[in-house]
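**Student:** Below is the file protein.pdb, with PDB, N, CA and C atoms, pLDDT in the B column.
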```
ATOM      1  N   MET A   1      55.582 122.059  44.132  1.00 52.00           N
ATOM      2  CA  MET A   1      55.358 120.637  44.362  1.00 52.00           C
ATOM      3  C   MET A   1      54.217 120.434  45.364  1.00 52.00           C
ATOM      4  N   ARG A   2      54.154 121.266  46.375  1.00 58.00           N
ATOM      5  CA  ARG A   2      53.145 121.107  47.400  1.00 58.00           C
ATOM      6  C   ARG A   2      51.742 121.296  46.839  1.00 58.00           C
ATOM      7  N   LYS A   3      51.580 122.234  45.925  1.00 65.00           N
ATOM      8  CA  LYS A   3      50.263 122.454  45.348  1.00 65.00           C
ATOM      9  C   LYS A   3      49.845 121.278  44.475  1.00 65.00           C
ATOM     10  N   THR A   4      50.769 120.668  43.761  1.00 62.00           N
ATOM     11  CA  THR A   4      50.451 119.501  42.939  1.00 62.00           C
ATOM     12  C   THR A   4      49.975 118.343  43.814  1.00 62.00           C
ATOM     13  N   PHE A   5      50.553 118.231  44.994  1.00 69.00           N
ATOM     14  CA  PHE A   5      50.172 117.170  45.929  1.00 69.00           C
ATOM     15  C   PHE A   5      48.700 117.275  46.293  1.00 69.00           C
ATOM     16  N   ILE A   6      48.198 118.478  46.384  1.00 81.00           N
ATOM     17  CA  ILE A   6      46.808 118.687  46.778  1.00 81.00           C
ATOM     18  C   ILE A   6      45.880 118.806  45.573  1.00 81.00           C
ATOM     19  N   VAL A   7      46.296 119.544  44.557  1.00 87.00           N
ATOM     20  CA  VAL A   7      45.397 119.899  43.458  1.00 87.00           C
ATOM     21  C   VAL A   7      45.090 118.723  42.535  1.00 87.00           C
ATOM     22  N   ALA A   8      46.089 117.978  42.124  1.00 86.00           N
ATOM     23  CA  ALA A   8      45.873 116.891  41.149  1.00 86.00           C
ATOM     24  C   ALA A   8      44.902 115.824  41.662  1.00 86.00           C
ATOM     25  N   PRO A   9      45.077 115.291  42.873  1.00 90.00           N
ATOM     26  CA  PRO A   9      44.106 114.304  43.362  1.00 90.00           C
ATOM     27  C   PRO A   9      42.720 114.893  43.594  1.00 90.00           C
ATOM     28  N   LEU A  10      42.663 116.162  44.002  1.00 92.00           N
ATOM     29  CA  LEU A  10      41.358 116.783  44.204  1.00 92.00           C
ATOM     30  C   LEU A  10      40.603 116.949  42.888  1.00 92.00           C
ATOM     31  N   ILE A  11      41.327 117.251  41.828  1.00 94.00           N
ATOM     32  CA  ILE A  11      40.689 117.332  40.509  1.00 94.00           C
ATOM     33  C   ILE A  11      40.153 115.966  40.109  1.00 94.00           C
ATOM     34  N   LEU A  12      40.930 114.914  40.366  1.00 94.00           N
ATOM     35  CA  LEU A  12      40.465 113.560  40.053  1.00 94.00           C
ATOM     36  C   LEU A  12      39.230 113.196  40.876  1.00 94.00           C
ATOM     37  N   LEU A  13      39.209 113.589  42.138  1.00 95.00           N
ATOM     38  CA  LEU A  13      38.033 113.321  42.975  1.00 95.00           C
ATOM     39  C   LEU A  13      36.820 114.107  42.496  1.00 95.00           C
ATOM     40  N   ALA A  14      37.030 115.337  42.041  1.00 96.00           N
ATOM     41  CA  ALA A  14      35.922 116.136  41.510  1.00 96.00           C
ATOM     42  C   ALA A  14      35.374 115.506  40.229  1.00 96.00           C
ATOM     43  N   LEU A  15      36.249 115.016  39.379  1.00 96.00           N
ATOM     44  CA  LEU A  15      35.799 114.327  38.166  1.00 96.00           C
ATOM     45  C   LEU A  15      35.058 113.036  38.499  1.00 96.00           C
ATOM     46  N   ALA A  16      35.509 112.330  39.535  1.00 96.00           N
ATOM     47  CA  ALA A  16      34.818 111.114  39.972  1.00 96.00           C
ATOM     48  C   ALA A  16      33.420 111.448  40.482  1.00 96.00           C
ATOM     49  N   ALA A  17      33.307 112.531  41.240  1.00 96.00           N
ATOM     50  CA  ALA A  17      31.991 112.947  41.739  1.00 96.00           C
ATOM     51  C   ALA A  17      31.076 113.342  40.580  1.00 96.00           C
ATOM     52  N   ALA A  18      31.614 114.065  39.609  1.00 95.00           N
ATOM     53  CA  ALA A  18      30.816 114.456  38.446  1.00 95.00           C
ATOM     54  C   ALA A  18      30.374 113.232  37.648  1.00 95.00           C
ATOM     55  N   SER A  19      31.242 112.253  37.535  1.00 93.00           N
ATOM     56  CA  SER A  19      30.900 111.023  36.829  1.00 93.00           C
ATOM     57  C   SER A  19      29.809 110.249  37.558  1.00 93.00           C
ATOM     58  N   TYR A  20      29.885 110.204  38.878  1.00 91.00           N
ATOM     59  CA  TYR A  20      28.857 109.522  39.673  1.00 91.00           C
ATOM     60  C   TYR A  20      27.514 110.233  39.550  1.00 91.00           C
ATOM     61  N   ILE A  21      27.538 111.545  39.585  1.00 93.00           N
ATOM     62  CA  ILE A  21      26.300 112.311  39.449  1.00 93.00           C
ATOM     63  C   ILE A  21      25.693 112.107  38.064  1.00 93.00           C
ATOM     64  N   ALA A  22      26.539 112.089  37.038  1.00 90.00           N
ATOM     65  CA  ALA A  22      26.039 111.847  35.681  1.00 90.00           C
ATOM     66  C   ALA A  22      25.409 110.458  35.573  1.00 90.00           C
ATOM     67  N   GLU A  23      26.005 109.475  36.211  1.00 87.00           N
ATOM     68  CA  GLU A  23      25.438 108.118  36.217  1.00 87.00           C
ATOM     69  C   GLU A  23      24.079 108.109  36.903  1.00 87.00           C
ATOM     70  N   ALA A  24      23.985 108.793  38.041  1.00 86.00           N
ATOM     71  CA  ALA A  24      22.725 108.811  38.785  1.00 86.00           C
ATOM     72  C   ALA A  24      21.628 109.543  38.022  1.00 86.00           C
ATOM     73  N   ILE A  25      21.990 110.627  37.343  1.00 87.00           N
ATOM     74  CA  ILE A  25      20.991 111.417  36.623  1.00 87.00           C
ATOM     75  C   ILE A  25      20.526 110.702  35.356  1.00 87.00           C
ATOM     76  N   PHE A  26      21.468 110.237  34.553  1.00 83.00           N
ATOM     77  CA  PHE A  26      21.113 109.704  33.237  1.00 83.00           C
ATOM     78  C   PHE A  26      20.675 108.240  33.259  1.00 83.00           C
ATOM     79  N   TYR A  27      21.198 107.449  34.177  1.00 79.00           N
ATOM     80  CA  TYR A  27      20.881 106.014  34.168  1.00 79.00           C
ATOM     81  C   TYR A  27      20.182 105.568  35.447  1.00 79.00           C
ATOM     82  N   GLY A  28      20.705 105.893  36.603  1.00 73.00           N
ATOM     83  CA  GLY A  28      20.040 105.672  37.879  1.00 73.00           C
ATOM     84  C   GLY A  28      19.557 104.269  38.171  1.00 73.00           C
ATOM     85  N   GLY A  29      20.202 103.245  37.671  1.00 68.00           N
ATOM     86  CA  GLY A  29      19.812 101.876  37.977  1.00 68.00           C
ATOM     87  C   GLY A  29      18.520 101.436  37.325  1.00 68.00           C
ATOM     88  N   ARG A  30      18.233 101.966  36.167  1.00 73.00           N
ATOM     89  CA  ARG A  30      17.008 101.572  35.469  1.00 73.00           C
ATOM     90  C   ARG A  30      17.105 100.136  34.957  1.00 73.00           C
ATOM     91  N   LEU A  31      15.961  99.509  34.853  1.00 73.00           N
ATOM     92  CA  LEU A  31      15.872  98.168  34.291  1.00 73.00           C
ATOM     93  C   LEU A  31      15.219  98.259  32.917  1.00 73.00           C
ATOM     94  N   ASP A  32      15.720  97.452  31.989  1.00 75.00           N
ATOM     95  CA  ASP A  32      15.070  97.413  30.681  1.00 75.00           C
ATOM     96  C   ASP A  32      13.941  96.383  30.697  1.00 75.00           C
ATOM     97  N   GLU A  33      13.355  96.110  29.542  1.00 82.00           N
ATOM     98  CA  GLU A  33      12.207  95.197  29.485  1.00 82.00           C
ATOM     99  C   GLU A  33      12.555  93.751  29.855  1.00 82.00           C
ATOM    100  N   ASN A  34      13.858  93.393  29.818  1.00 86.00           N
ATOM    101  CA  ASN A  34      14.294  92.044  30.197  1.00 86.00           C
ATOM    102  C   ASN A  34      14.823  91.999  31.636  1.00 86.00           C
ATOM    103  N   ASN A  35      14.547  93.049  32.413  1.00 80.00           N
ATOM    104  CA  ASN A  35      15.007  93.170  33.798  1.00 80.00           C
ATOM    105  C   ASN A  35      16.521  93.119  33.928  1.00 80.00           C
ATOM    106  N   VAL A  36      17.209  93.741  32.981  1.00 78.00           N
ATOM    107  CA  VAL A  36      18.658  93.874  33.026  1.00 78.00           C
ATOM    108  C   VAL A  36      18.968  95.328  33.377  1.00 78.00           C
ATOM    109  N   VAL A  37      19.874  95.530  34.328  1.00 74.00           N
ATOM    110  CA  VAL A  37      20.220  96.878  34.752  1.00 74.00           C
ATOM    111  C   VAL A  37      20.946  97.594  33.618  1.00 74.00           C
ATOM    112  N   GLN A  38      20.475  98.804  33.318  1.00 73.00           N
ATOM    113  CA  GLN A  38      21.124  99.637  32.310  1.00 73.00           C
ATOM    114  C   GLN A  38      22.223 100.438  32.993  1.00 73.00           C
ATOM    115  N   GLU A  39      23.437 100.245  32.549  1.00 74.00           N
ATOM    116  CA  GLU A  39      24.580 100.908  33.152  1.00 74.00           C
ATOM    117  C   GLU A  39      25.417 101.520  32.048  1.00 74.00           C
ATOM    118  N   SER A  40      26.003 102.660  32.344  1.00 79.00           N
ATOM    119  CA  SER A  40      26.838 103.329  31.351  1.00 79.00           C
ATOM    120  C   SER A  40      28.306 103.201  31.746  1.00 79.00           C
ATOM    121  N   PHE A  41      29.145 103.913  31.017  1.00 84.00           N
ATOM    122  CA  PHE A  41      30.565 103.930  31.326  1.00 84.00           C
ATOM    123  C   PHE A  41      30.875 104.839  32.509  1.00 84.00           C
ATOM    124  N   PHE A  42      29.898 105.643  32.944  1.00 85.00           N
ATOM    125  CA  PHE A  42      30.150 106.591  34.028  1.00 85.00           C
ATOM    126  C   PHE A  42      30.454 105.890  35.352  1.00 85.00           C
ATOM    127  N   LEU A  43      29.794 104.807  35.653  1.00 85.00           N
ATOM    128  CA  LEU A  43      30.020 104.129  36.931  1.00 85.00           C
ATOM    129  C   LEU A  43      31.423 103.524  37.027  1.00 85.00           C
ATOM    130  N   PRO A  44      31.880 102.762  36.039  1.00 89.00           N
ATOM    131  CA  PRO A  44      33.265 102.285  36.123  1.00 89.00           C
ATOM    132  C   PRO A  44      34.280 103.428  36.104  1.00 89.00           C
ATOM    133  N   LEU A  45      33.964 104.492  35.361  1.00 93.00           N
ATOM    134  CA  LEU A  45      34.851 105.650  35.317  1.00 93.00           C
ATOM    135  C   LEU A  45      34.981 106.288  36.699  1.00 93.00           C
ATOM    136  N   THR A  46      33.912 106.275  37.472  1.00 93.00           N
ATOM    137  CA  THR A  46      33.957 106.809  38.839  1.00 93.00           C
ATOM    138  C   THR A  46      34.979 106.056  39.674  1.00 93.00           C
ATOM    139  N   PHE A  47      34.935 104.727  39.624  1.00 94.00           N
ATOM    140  CA  PHE A  47      35.864 103.932  40.420  1.00 94.00           C
ATOM    141  C   PHE A  47      37.303 104.063  39.921  1.00 94.00           C
ATOM    142  N   ILE A  48      37.490 104.179  38.623  1.00 95.00           N
ATOM    143  CA  ILE A  48      38.830 104.373  38.065  1.00 95.00           C
ATOM    144  C   ILE A  48      39.404 105.698  38.539  1.00 95.00           C
ATOM    145  N   LEU A  49      38.610 106.756  38.500  1.00 96.00           N
ATOM    146  CA  LEU A  49      39.094 108.073  38.921  1.00 96.00           C
ATOM    147  C   LEU A  49      39.372 108.119  40.424  1.00 96.00           C
ATOM    148  N   ILE A  50      38.558 107.443  41.224  1.00 96.00           N
ATOM    149  CA  ILE A  50      38.823 107.393  42.663  1.00 96.00           C
ATOM    150  C   ILE A  50      40.129 106.646  42.933  1.00 96.00           C
ATOM    151  N   ALA A  51      40.355 105.549  42.239  1.00 96.00           N
ATOM    152  CA  ALA A  51      41.602 104.801  42.408  1.00 96.00           C
ATOM    153  C   ALA A  51      42.805 105.651  42.004  1.00 96.00           C
ATOM    154  N   LEU A  52      42.695 106.382  40.907  1.00 95.00           N
ATOM    155  CA  LEU A  52      43.786 107.257  40.487  1.00 95.00           C
ATOM    156  C   LEU A  52      44.041 108.370  41.493  1.00 95.00           C
ATOM    157  N   ALA A  53      42.988 108.888  42.094  1.00 94.00           N
ATOM    158  CA  ALA A  53      43.152 109.934  43.106  1.00 94.00           C
ATOM    159  C   ALA A  53      43.881 109.387  44.329  1.00 94.00           C
ATOM    160  N   ILE A  54      43.519 108.201  44.766  1.00 94.00           N
ATOM    161  CA  ILE A  54      44.185 107.595  45.927  1.00 94.00           C
ATOM    162  C   ILE A  54      45.645 107.319  45.618  1.00 94.00           C
ATOM    163  N   ILE A  55      45.906 106.788  44.436  1.00 94.00           N
ATOM    164  CA  ILE A  55      47.293 106.532  44.034  1.00 94.00           C
ATOM    165  C   ILE A  55      48.074 107.833  43.962  1.00 94.00           C
ATOM    166  N   SER A  56      47.455 108.888  43.447  1.00 91.00           N
ATOM    167  CA  SER A  56      48.125 110.187  43.366  1.00 91.00           C
ATOM    168  C   SER A  56      48.454 110.732  44.749  1.00 91.00           C
ATOM    169  N   PHE A  57      47.510 110.626  45.681  1.00 89.00           N
ATOM    170  CA  PHE A  57      47.779 111.065  47.053  1.00 89.00           C
ATOM    171  C   PHE A  57      48.969 110.310  47.638  1.00 89.00           C
ATOM    172  N   VAL A  58      49.009 109.013  47.442  1.00 91.00           N
ATOM    173  CA  VAL A  58      50.089 108.196  48.006  1.00 91.00           C
ATOM    174  C   VAL A  58      51.424 108.541  47.354  1.00 91.00           C
ATOM    175  N   VAL A  59      51.450 108.629  46.030  1.00 90.00           N
ATOM    176  CA  VAL A  59      52.711 108.892  45.326  1.00 90.00           C
ATOM    177  C   VAL A  59      53.230 110.289  45.645  1.00 90.00           C
ATOM    178  N   PHE A  60      52.372 111.298  45.525  1.00 85.00           N
ATOM    179  CA  PHE A  60      52.817 112.660  45.806  1.00 85.00           C
ATOM    180  C   PHE A  60      53.191 112.827  47.279  1.00 85.00           C
ATOM    181  N   GLY A  61      52.449 112.162  48.162  1.00 83.00           N
ATOM    182  CA  GLY A  61      52.779 112.231  49.579  1.00 83.00           C
ATOM    183  C   GLY A  61      54.108 111.568  49.891  1.00 83.00           C
ATOM    184  N   ALA A  62      54.368 110.423  49.297  1.00 85.00           N
ATOM    185  CA  ALA A  62      55.641 109.733  49.517  1.00 85.00           C
ATOM    186  C   ALA A  62      56.798 110.553  48.964  1.00 85.00           C
ATOM    187  N   ARG A  63      56.603 111.128  47.786  1.00 85.00           N
ATOM    188  CA  ARG A  63      57.664 111.964  47.211  1.00 85.00           C
ATOM    189  C   ARG A  63      57.920 113.182  48.069  1.00 85.00           C
ATOM    190  N   ASN A  64      56.856 113.759  48.621  1.00 81.00           N
ATOM    191  CA  ASN A  64      56.996 114.918  49.480  1.00 81.00           C
ATOM    192  C   ASN A  64      57.731 114.569  50.768  1.00 81.00           C
ATOM    193  N   LEU A  65      57.426 113.422  51.352  1.00 83.00           N
ATOM    194  CA  LEU A  65      58.092 113.002  52.584  1.00 83.00           C
ATOM    195  C   LEU A  65      59.548 112.629  52.347  1.00 83.00           C
ATOM    196  N   LEU A  66      59.856 112.021  51.214  1.00 86.00           N
ATOM    197  CA  LEU A  66      61.224 111.608  50.924  1.00 86.00           C
ATOM    198  C   LEU A  66      62.123 112.786  50.599  1.00 86.00           C
ATOM    199  N   LYS A  67      61.552 113.876  50.128  1.00 82.00           N
ATOM    200  CA  LYS A  67      62.370 115.052  49.827  1.00 82.00           C
ATOM    201  C   LYS A  67      62.780 115.811  51.074  1.00 82.00           C
ATOM    202  N   LYS A  68      62.037 115.631  52.176  1.00 70.00           N
ATOM    203  CA  LYS A  68      62.363 116.366  53.410  1.00 70.00           C
ATOM    204  C   LYS A  68      63.582 115.833  54.080  1.00 70.00           C
TER
END
```
As structure tokens, please, write out the structure in this file.

**Tutor:**
Amino acid sequence: MRKTFIVAPLILLALAAASYIAEAIFYGGRLDENNVVQESFFLPLTFILIALAIISFVVFGARNLLKK
């Protein structure tokens, strides 16, 4: 149980970092000919994964504290 508390949220944070890097490399805030920012699904995915990581830390931490 203790390893899940650490590993699962860290994997989510690593995926969020990879998603952010992919957004920066492939899209990077480019503007098209109509001056509209080109954005992909990577940026919202970054925030979703960060939120899931925070929720995982809280849930696993609470479960760990309640079992003691």

**Student:** Leaving out Ala16 in chain A and any residue of its chain fewer than 3 positions from it, which residues lie within 7 Å of it when counting all atoms listed in the file, given as a ChimeraX atom specification?

**Tutor:** /A:11-13,19-21,45-47,49-50

**Student:** In Å, rounded to a single decimal, give me how far atom N of Ile48 in chain A is from atom C of Leu31 in chain A.

**Tutor:** 23.7 Å

**Student:** To one decimal place in Å, what is the distance between atom C of Ser40 in chain A and CA of Glu23 in chain A?

**Tutor:**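 A separation of 7.2 Å between them.
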
**Student:** From a backbone DSSP assignment, name each residue in range 1-57 of chain A labelled alpha helix (DSSP H), as a ChimeraX atom specification.

**Tutor:** /A:2-26,42-57

**Student:** Box time for range 24-33 of chain A: axis-aligned, enclosing all its listed atoms, 8 Å extra on each side; report centre and edge lengths in Å to one decimal, as lines of an AutoDock Vina configuration file.

**Tutor:**
```
center_x = 18.1
center_y = 102.6
center_z = 34.1
size_x = 27.8
size_y = 33.7
size_z = 25.3
```

**Student:** Which one is closest to Ile55 in chain A: A:Leu10, A:Val37, A:Leu43, A:Ala22? Count only C-alpha atoms.

**Tutor:** A:Leu10

**Student:** Just how far from atom C of Pro44 in chain A is atom N of Val7 in chain A, in Å to one decimal?

**Tutor:** 21.8 Å
